[in-house]
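Structure file final-v5.csv with CSV, C-alpha atoms and all ligand atoms:
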```
chain,number,residue,atom,x,y,z
A,439,MET,CA,0.0,0.0,0.0
A,440,GLU,CA,1.4,3.4,-0.9
A,441,ARG,CA,1.1,6.1,1.8
A,442,HIS,CA,1.7,9.3,-0.1
A,443,GLY,CA,4.1,11.7,1.6
A,444,LEU,CA,4.6,9.4,4.7
A,445,SER,CA,8.4,9.6,4.2
A,446,TYR,CA,8.9,13.3,3.8
A,447,ARG,CA,5.8,15.3,4.8
A,448,PHE,CA,6.1,16.1,8.5
A,449,ARG,CA,4.2,18.4,10.9
A,450,ASN,CA,6.2,17.6,14.0
A,451,ALA,CA,9.7,16.7,15.1
A,452,ILE,CA,11.3,15.7,18.4
A,453,VAL,CA,14.9,16.6,19.2
A,454,ARG,CA,17.0,16.4,22.3
A,455,THR,CA,19.5,19.1,23.4
A,456,PRO,CA,23.0,17.7,23.5
A,457,GLY,CA,24.3,17.4,27.0
A,458,LYS,CA,27.8,18.2,28.2
A,459,SER,CA,28.5,14.5,28.2
A,460,VAL,CA,28.2,14.5,24.4
A,461,THR,CA,32.0,14.7,24.4
A,462,GLU,CA,31.9,11.1,25.5
A,463,GLY,CA,29.7,9.9,22.7
A,464,LEU,CA,30.5,6.6,20.9
A,465,ARG,CA,32.7,6.8,17.8
A,466,ASP,CA,34.3,4.3,15.6
A,467,VAL,CA,37.4,6.4,15.0
A,468,ASP,CA,38.4,9.1,17.4
A,469,ARG,CA,38.9,12.3,15.5
A,470,GLY,CA,38.6,14.4,18.7
A,471,ALA,CA,35.6,15.0,21.0
A,472,PRO,CA,32.8,17.3,20.0
A,473,ASP,CA,32.9,20.8,21.5
A,474,HIS,CA,29.7,21.2,23.6
A,475,ALA,CA,29.3,24.9,22.8
A,476,VAL,CA,29.8,24.4,19.1
A,477,TYR,CA,27.4,21.4,19.2
A,478,LEU,CA,24.7,23.6,20.9
A,479,GLU,CA,25.0,26.2,18.1
A,480,GLU,CA,24.8,23.6,15.3
A,481,HIS,CA,21.9,21.9,17.0
A,482,GLU,CA,20.0,25.2,17.2
A,483,THR,CA,20.7,25.9,13.5
A,484,TYR,CA,19.3,22.4,12.8
A,485,VAL,CA,16.2,23.1,14.8
A,486,GLN,CA,15.7,26.4,13.0
A,487,ALA,CA,16.1,24.6,9.6
A,488,LEU,CA,13.4,22.1,10.6
A,489,ARG,CA,11.1,24.9,11.7
A,490,ARG,CA,11.7,26.7,8.4
A,491,ALA,CA,10.7,23.5,6.6
A,492,GLY,CA,7.3,23.8,8.3
A,493,VAL,CA,7.8,21.5,11.3
A,494,GLU,CA,6.8,22.2,14.9
A,495,VAL,CA,9.8,21.1,17.0
A,496,ALA,CA,9.6,19.7,20.6
A,497,THR,CA,12.9,19.9,22.3
A,498,LEU,CA,13.6,17.4,25.1
A,499,PRO,CA,16.1,18.3,27.8
A,500,ALA,CA,19.6,17.0,27.8
A,501,LEU,CA,20.1,13.5,29.3
A,502,GLU,CA,23.6,13.7,30.8
A,503,PRO,CA,23.9,9.9,31.7
A,504,TYR,CA,23.5,9.2,28.0
A,505,PRO,CA,26.2,10.9,25.9
A,506,ASP,CA,24.6,9.8,22.6
A,507,SER,CA,21.1,10.8,23.5
A,508,VAL,CA,21.1,13.7,21.0
A,509,PHE,CA,20.7,11.0,18.4
A,510,VAL,CA,17.0,10.5,19.2
A,511,GLU,CA,16.2,8.8,15.9
A,512,ASP,CA,17.8,5.6,17.1
A,513,THR,CA,15.3,5.2,20.0
A,514,ALA,CA,11.9,5.2,18.2
A,515,LEU,CA,10.0,4.6,15.0
A,516,CYS,CA,7.2,7.1,14.6
A,517,LEU,CA,4.3,6.1,12.4
A,518,PRO,CA,0.8,7.6,12.1
A,519,GLU,CA,-0.6,4.4,13.8
A,520,GLY,CA,1.7,4.8,16.8
A,521,PHE,CA,5.2,5.2,18.1
A,522,ILE,CA,7.4,2.1,18.6
A,523,ILE,CA,10.1,2.5,21.1
A,524,LEU,CA,13.1,0.5,19.9
A,525,ARG,CA,15.9,-1.4,21.7
A,526,PRO,CA,19.2,0.3,20.6
A,527,GLY,CA,22.0,-2.1,19.8
A,528,ALA,CA,24.7,-0.3,21.9
A,529,PRO,CA,24.3,-1.3,25.5
A,530,SER,CA,25.3,2.2,26.6
A,531,ARG,CA,22.3,3.6,24.8
A,532,ARG,CA,19.6,1.2,26.0
A,533,GLY,CA,18.4,3.6,28.8
A,534,GLU,CA,17.7,6.3,26.2
A,535,ALA,CA,14.7,4.3,25.1
A,536,ASP,CA,13.2,4.3,28.6
A,537,SER,CA,13.4,8.1,28.6
A,538,MET,CA,12.0,8.4,25.1
A,539,ALA,CA,9.1,6.1,26.0
A,540,LEU,CA,8.2,8.5,28.9
A,541,ASP,CA,8.7,11.6,26.8
A,542,CYS,CA,6.5,10.3,24.0
A,543,LYS,CA,3.7,9.4,26.5
A,544,ASN,CA,4.0,12.9,28.0
A,545,LEU,CA,3.7,14.4,24.6
A,546,GLY,CA,0.5,12.5,24.2
A,547,HIS,CA,1.6,9.8,21.6
A,548,PRO,CA,0.4,6.2,21.8
A,549,VAL,CA,3.5,4.2,22.5
A,550,LEU,CA,4.4,0.5,21.9
A,551,ARG,CA,7.7,-1.0,22.7
A,552,LEU,CA,10.1,-3.8,21.5
A,553,GLU,CA,10.2,-6.0,24.6
A,554,GLY,CA,12.4,-8.9,23.4
A,555,ARG,CA,16.1,-9.3,23.4
A,556,GLY,CA,16.6,-8.4,19.8
A,557,THR,CA,17.9,-4.9,18.9
A,558,VAL,CA,17.0,-2.3,16.3
A,559,ASP,CA,18.5,1.2,15.9
A,560,GLY,CA,16.2,3.7,14.2
A,561,GLY,CA,19.2,4.7,12.0
A,562,ASP,CA,18.8,1.4,10.3
A,563,ILE,CA,15.1,2.0,9.4
A,564,LEU,CA,14.3,3.7,6.1
A,565,VAL,CA,10.6,4.5,5.7
A,566,THR,CA,9.5,5.2,2.1
A,567,ASP,CA,6.0,5.8,0.9
A,568,ARG,CA,5.5,2.2,0.0
A,569,GLU,CA,7.6,0.1,2.4
A,570,ILE,CA,9.9,0.0,5.4
A,571,LEU,CA,13.5,-1.2,4.8
A,572,VAL,CA,15.6,-2.3,7.8
A,573,GLY,CA,19.3,-2.7,7.4
A,574,ALA,CA,20.8,-5.5,9.4
A,575,SER,CA,23.9,-4.1,11.1
A,576,GLU,CA,26.0,-4.4,14.2
A,577,ARG,CA,23.2,-2.6,16.0
A,578,THR,CA,20.1,-4.2,14.3
A,579,ASP,CA,19.6,-8.0,14.4
A,580,GLN,CA,17.1,-10.5,13.1
A,581,ASN,CA,15.2,-10.9,16.4
A,582,GLY,CA,14.7,-7.1,16.7
A,583,PHE,CA,13.6,-7.0,13.1
A,584,ASP,CA,11.1,-9.9,13.6
A,585,GLU,CA,9.5,-8.1,16.6
A,586,LEU,CA,9.3,-4.8,14.7
A,587,ALA,CA,7.9,-6.5,11.6
A,588,ALA,CA,5.2,-8.3,13.6
A,589,ILE,CA,3.9,-4.9,14.8
A,590,VAL,CA,4.0,-2.9,11.6
A,591,SER,CA,2.7,-5.8,9.5
A,592,LYS,CA,-0.5,-5.6,11.5
A,593,TRP,CA,-0.7,-2.0,10.4
A,594,GLY,CA,-0.5,-3.0,6.8
A,595,TYR,CA,3.2,-2.1,6.1
A,596,THR,CA,5.5,-4.1,3.9
A,597,ILE,CA,8.7,-4.5,5.7
A,598,SER,CA,12.0,-6.2,4.7
A,599,LEU,CA,15.4,-6.9,6.2
A,600,VAL,CA,18.2,-5.7,3.9
A,601,ARG,CA,21.9,-5.2,4.4
A,602,THR,CA,23.8,-2.3,5.9
A,603,PRO,CA,27.2,-2.0,4.1
A,604,SER,CA,29.7,-3.6,6.4
A,605,ASP,CA,31.9,-0.6,7.1
A,606,VAL,CA,29.0,1.7,7.8
A,607,LEU,CA,27.3,2.3,11.2
A,608,HIS,CA,23.7,2.5,10.1
A,609,PHE,CA,21.7,1.8,6.9
A,610,LYS,CA,20.7,5.5,6.7
A,611,SER,CA,24.3,6.6,7.1
A,612,ASP,CA,24.3,5.8,3.4
A,613,CYS,CA,20.9,6.6,2.1
A,614,SER,CA,17.8,8.8,2.5
A,615,VAL,CA,14.4,9.5,0.9
A,616,LEU,CA,14.1,12.3,-1.5
A,617,GLY,CA,10.6,11.7,-2.7
A,618,PRO,CA,7.9,9.0,-3.2
A,619,ASP,CA,10.1,7.1,-5.7
A,620,THR,CA,13.5,8.7,-5.2
A,621,ILE,CA,16.4,7.7,-3.0
A,622,LEU,CA,19.7,9.5,-2.3
A,623,ALA,CA,22.4,6.8,-1.8
A,624,THR,CA,26.2,6.3,-1.8
A,625,HIS,CA,27.9,4.2,-4.4
A,626,ARG,CA,28.0,1.4,-1.8
A,627,LEU,CA,24.2,1.2,-1.8
A,628,SER,CA,23.1,2.8,-5.1
A,629,GLY,CA,23.0,-0.5,-7.0
A,630,ALA,CA,21.5,-2.5,-4.1
A,631,LEU,CA,18.6,-4.8,-5.0
A,632,CYS,CA,16.3,-3.1,-2.5
A,633,PHE,CA,16.5,0.1,-4.5
A,634,SER,CA,15.9,-1.5,-7.9
A,635,ASP,CA,12.3,-0.1,-8.1
A,636,TYR,CA,13.4,3.5,-7.1
A,637,THR,CA,15.2,6.2,-9.0
A,638,VAL,CA,18.5,6.6,-7.2
A,639,LEU,CA,20.6,9.7,-7.1
A,640,GLU,CA,24.1,8.7,-6.3
A,641,VAL,CA,26.1,10.8,-3.9
A,642,PRO,CA,29.4,12.0,-5.5
A,643,ARG,CA,32.4,10.0,-4.3
A,644,GLY,CA,34.2,11.6,-1.5
A,645,GLU,CA,31.0,13.1,-0.1
A,646,GLU,CA,29.5,9.8,1.3
A,647,ALA,CA,28.4,11.5,4.6
A,648,ALA,CA,26.0,13.7,2.6
A,649,ALA,CA,23.8,10.6,1.9
A,650,ASN,CA,22.4,11.3,5.4
A,651,SER,CA,20.4,14.2,4.2
A,652,ILE,CA,16.7,14.7,5.0
A,653,ARG,CA,13.8,15.6,2.9
A,654,VAL,CA,11.4,17.7,5.1
A,655,ASN,CA,8.3,18.9,3.2
A,656,SER,CA,9.5,21.0,0.2
A,657,LYS,CA,13.1,21.2,1.5
A,658,VAL,CA,16.1,18.9,1.6
A,659,LEU,CA,18.4,19.5,4.5
A,660,VAL,CA,22.0,18.6,3.4
A,661,PRO,CA,25.0,18.6,5.8
A,662,ASP,CA,27.2,21.6,5.1
A,663,GLY,CA,30.5,21.0,3.4
A,664,PHE,CA,29.3,18.7,0.6
A,665,PRO,CA,29.1,21.1,-2.4
A,666,LYS,CA,28.9,18.4,-5.0
A,667,THR,CA,25.9,16.8,-3.4
A,668,ALA,CA,24.2,20.1,-2.7
A,669,GLY,CA,24.8,21.0,-6.4
A,670,LEU,CA,23.4,17.7,-7.6
A,671,LEU,CA,20.3,18.1,-5.6
A,672,ASP,CA,19.9,21.7,-6.6
A,673,SER,CA,20.2,20.9,-10.3
A,674,SER,CA,17.7,18.0,-9.8
A,675,GLY,CA,15.1,20.5,-8.7
A,676,PHE,CA,15.3,20.1,-4.9
A,677,ASP,CA,15.2,23.1,-2.6
A,678,VAL,CA,18.4,22.6,-0.6
A,679,THR,CA,19.1,24.0,2.9
A,680,ARG,CA,22.7,23.5,4.1
A,681,VAL,CA,22.9,22.7,7.8
A,682,PRO,CA,26.1,22.3,9.8
A,683,ALA,CA,26.7,18.9,11.3
A,684,THR,CA,30.4,18.9,12.0
A,685,GLN,CA,30.0,17.9,15.7
A,686,ALA,CA,27.5,15.1,15.1
A,687,ALA,CA,29.9,13.8,12.4
A,688,LEU,CA,32.6,13.4,15.0
A,689,LEU,CA,30.3,10.8,16.6
A,690,ASP,CA,29.4,9.1,13.4
A,691,GLY,CA,26.0,10.9,13.4
A,692,GLY,CA,24.4,13.1,10.8
A,693,LEU,CA,21.2,15.1,10.2
A,694,SER,CA,18.6,12.4,10.3
A,695,CYS,CA,19.8,10.9,13.5
A,696,GLN,CA,19.1,14.1,15.4
A,697,SER,CA,15.3,14.1,15.1
A,698,LEU,CA,12.2,12.0,15.1
A,699,ARG,CA,9.9,13.3,12.4
A,700,PHE,CA,6.2,12.5,12.0
A,801,LIG,C1,26.3,5.9,18.1
A,801,LIG,O1,27.4,5.3,17.8
A,801,LIG,O2,25.3,5.3,18.4
A,801,LIG,C2,26.3,7.4,18.0
A,801,LIG,N1,27.6,7.9,18.3
A,801,LIG,C3,25.9,7.9,16.6
A,801,LIG,C4,24.5,7.5,16.3
A,801,LIG,C5,24.1,8.0,15.0
A,801,LIG,N2,22.7,7.7,14.7
A,801,LIG,C6,22.3,7.5,13.5
A,801,LIG,O3,23.0,7.4,12.5
A,801,LIG,N3,21.0,7.2,13.4
```
So that I can check it, write out the structure of this file as structure tokens.
Ligand code: CIR
Amino acid sequence: MERHGLSYRFRNAIVRTPGKSVTEGLRDVDRGAPDHAVYLEEHETYVQALRRAGVEVATLPALEPYPDSVFVEDTALCLPEGFIILRPGAPSRRGEADSMALDCKNLGHPVLRLEGRGTVDGGDILVTDREILVGASERTDQNGFDELAAIVSKWGYTISLVRTPSDVLHFKSDCSVLGPDTILATHRLSGALCFSDYTVLEVPRGEEAAANSIRVNSKVLVPDGFPKTAGLLDSSGFDVTRVPATQAALLDGGLSCQSLRF
């Protein structure tokens, strides 16, 4: 079943202010800790960009015990039928889901929860207008997928388990939705079977991190510093907004990870 606009038309977003502990966030390669003050500025610019794209943003307070809690996307899947609180794959991030469950309830959203031992990070879930693709990764496993699939299948969604490229943290580190039939993806994913029925715009080589862009209503938020990708999207007719994400990038995060959009 096609749900027109599900993947890019949003009225609301939830973000969380980065705490001082963000300097301790997980990273595969240590290229230095983020600077808290700079992160706060970049986060504010990100929130403003979401607002300019027509979204009402709810900002949750910093969660100091959880250095990665600014990456709210990993803790929940927000669908019109309800919010599903996930079970993040990194043990140090599990408690973020408890807080998000409470926060979502307080914001008045119906909440379900993955209760089993399997894990799913929201960064591995790509929702398009016609299906949900979940990338198996070091954070997302078969058991987690099965539990998630059982819930969303009841709501009529088609959901499949696909592969996250091996040297990549999350499936959506390498792809994003640009429209009902259009995906932005790195060369690592552009030829993937799961995208054979979509038009794929390939991120220019050397700018792989720009695949983690987000279409929000009529705009596409693209991380700053990737001029070839911004140019490609611009010449393809998209209304591009460049948003700084240098501090998130130090923690292997990007634009999509920092909000839940619905
Ligand atoms: C982590 O390793 O979990 C964080 N440092 C980065 C999470 C980024 N989230 C995302 O791509 N959805």
**Test item: residues no farther than 7 Å from ligand LIG 801 (chain A), counting all atoms listed in the file, as a PyMOL selection string** = chain A and resi 463-465+506+509+511-512+528+559-562+607-608+610-611+689-692+694-695
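One distance worth recording is that between CA of Ser634 in chain A and CA of Pro603 in chain A, which is 16.5 Å.
Residues of protein, DNA and RNA with at least one atom no farther than 10 Å from (3.7, -0.6, 2.3) are, using all atoms listed in the file, Met439, Glu440, Arg441, Val565, Thr566, Asp567, Arg568, Glu569, Ile570, Val590, Ser591, Trp593, Gly594, Tyr595, Thr596 and Ile597 of chain A.
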For the residues in the current selection, export C-alpha atoms as a PDB file, in the coordinates of the input.
```pdb
ATOM      1  CA  MET A 439       0.000   0.000   0.000  1.00  0.00           C
ATOM      2  CA  GLU A 440       1.400   3.400  -0.900  1.00  0.00           C
ATOM      3  CA  ARG A 441       1.100   6.100   1.800  1.00  0.00           C
ATOM      4  CA  VAL A 565      10.600   4.500   5.700  1.00  0.00           C
ATOM      5  CA  THR A 566       9.500   5.200   2.100  1.00  0.00           C
ATOM      6  CA  ASP A 567       6.000   5.800   0.900  1.00  0.00           C
ATOM      7  CA  ARG A 568       5.500   2.200   0.000  1.00  0.00           C
ATOM      8  CA  GLU A 569       7.600   0.100   2.400  1.00  0.00           C
ATOM      9  CA  ILE A 570       9.900   0.000   5.400  1.00  0.00           C
ATOM     10  CA  VAL A 590       4.000  -2.900  11.600  1.00  0.00           C
ATOM     11  CA  SER A 591       2.700  -5.800   9.500  1.00  0.00           C
ATOM     12  CA  TRP A 593      -0.700  -2.000  10.400  1.00  0.00           C
ATOM     13  CA  GLY A 594      -0.500  -3.000   6.800  1.00  0.00           C
ATOM     14  CA  TYR A 595       3.200  -2.100   6.100  1.00  0.00           C
ATOM     15  CA  THR A 596       5.500  -4.100   3.900  1.00  0.00           C
ATOM     16  CA  ILE A 597       8.700  -4.500   5.700  1.00  0.00           C
TER      17      ILE A 597
END
```
**Item:** Sphere at (7.3, 6.5, 18.5), radius 12 Å, counting all atoms listed in the file: residues as a ChimeraX atom specification
**Value:** /A:451-452,510-524,535-552,560,697-700
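Between Val493 in chain A and the candidates A:Asn450, A:Asp468, A:Val678, A:Val615, the tightest atom-to-atom separation, counting only C-alpha atoms, involves A:Asn450.
You will find CA of Phe633 in chain A at 22.1 Å from CA of Lys666 in chain A.
Taking only C-alpha atoms, the non-local environment of Ala630 in chain A within 12 Å (same-chain residues fewer than 2 positions away omitted) comprises Gly573, Val600, Arg601, Thr602, Pro603, Phe609, Asp612, Cys613, Ile621, Ala623, Thr624, His625, Arg626, Leu627, Ser628, Cys632, Phe633, Ser634, Asp635, Tyr636, Thr637, Val638 and Glu640 of chain A.
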Go ahead and dump the residues you just picked, C-alpha atoms, as a PDB file, keeping the file's coordinate frame.
```
ATOM      1  CA  GLY A 573      19.300  -2.700   7.400  1.00  0.00           C
ATOM      2  CA  VAL A 600      18.200  -5.700   3.900  1.00  0.00           C
ATOM      3  CA  ARG A 601      21.900  -5.200   4.400  1.00  0.00           C
ATOM      4  CA  THR A 602      23.800  -2.300   5.900  1.00  0.00           C
ATOM      5  CA  PRO A 603      27.200  -2.000   4.100  1.00  0.00           C
ATOM      6  CA  PHE A 609      21.700   1.800   6.900  1.00  0.00           C
ATOM      7  CA  ASP A 612      24.300   5.800   3.400  1.00  0.00           C
ATOM      8  CA  CYS A 613      20.900   6.600   2.100  1.00  0.00           C
ATOM      9  CA  ILE A 621      16.400   7.700  -3.000  1.00  0.00           C
ATOM     10  CA  ALA A 623      22.400   6.800  -1.800  1.00  0.00           C
ATOM     11  CA  THR A 624      26.200   6.300  -1.800  1.00  0.00           C
ATOM     12  CA  HIS A 625      27.900   4.200  -4.400  1.00  0.00           C
ATOM     13  CA  ARG A 626      28.000   1.400  -1.800  1.00  0.00           C
ATOM     14  CA  LEU A 627      24.200   1.200  -1.800  1.00  0.00           C
ATOM     15  CA  SER A 628      23.100   2.800  -5.100  1.00  0.00           C
ATOM     16  CA  CYS A 632      16.300  -3.100  -2.500  1.00  0.00           C
ATOM     17  CA  PHE A 633      16.500   0.100  -4.500  1.00  0.00           C
ATOM     18  CA  SER A 634      15.900  -1.500  -7.900  1.00  0.00           C
ATOM     19  CA  ASP A 635      12.300  -0.100  -8.100  1.00  0.00           C
ATOM     20  CA  TYR A 636      13.400   3.500  -7.100  1.00  0.00           C
ATOM     21  CA  THR A 637      15.200   6.200  -9.000  1.00  0.00           C
ATOM     22  CA  VAL A 638      18.500   6.600  -7.200  1.00  0.00           C
ATOM     23  CA  GLU A 640      24.100   8.700  -6.300  1.00  0.00           C
TER      24      GLU A 640
END
```
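For the atom pair formed by CA of Asp662 in chain A and CA of Pro472 in chain A, the distance is 16.5 Å, given to one decimal.
Using all atoms listed in the file for every distance, the candidate list A:Val572, A:Val606, A:Leu670, A:Leu622 yields A:Leu622 as the residue closest to Asn650 in chain A.
When only C-alpha atoms are used to measure the gap to Gln685 in chain A, the shortest distance among A:Ile589, A:Asp466, A:Ala475, A:Arg449 belongs to A:Ala475.
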**Message:** Nearest residue to Thr684 in chain A out of A:Glu479, A:Gly533, A:Phe448, A:Lys458, using only C-alpha atoms?
**Reply:** A:Glu479
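Here the question is which of A:Tyr446, A:Val658, A:Ala687, A:Glu482 gets nearest to Gly675 in chain A using only C-alpha atoms, and that residue is A:Val658.
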**Message:** I'd like to know which of A:Pro505, A:Pro642, A:Pro618, A:Gly629 is closest to Gly443 in chain A, using only C-alpha atoms.
**Reply:** A:Pro618
**Request:** For Asp584 in chain A, list every protein, DNA or RNA residue within 12 Å, evaluated using all atoms listed in the file, and leave out those in the same chain fewer than 3 positions away; present the list as a count of residues only.
**Result:** 21
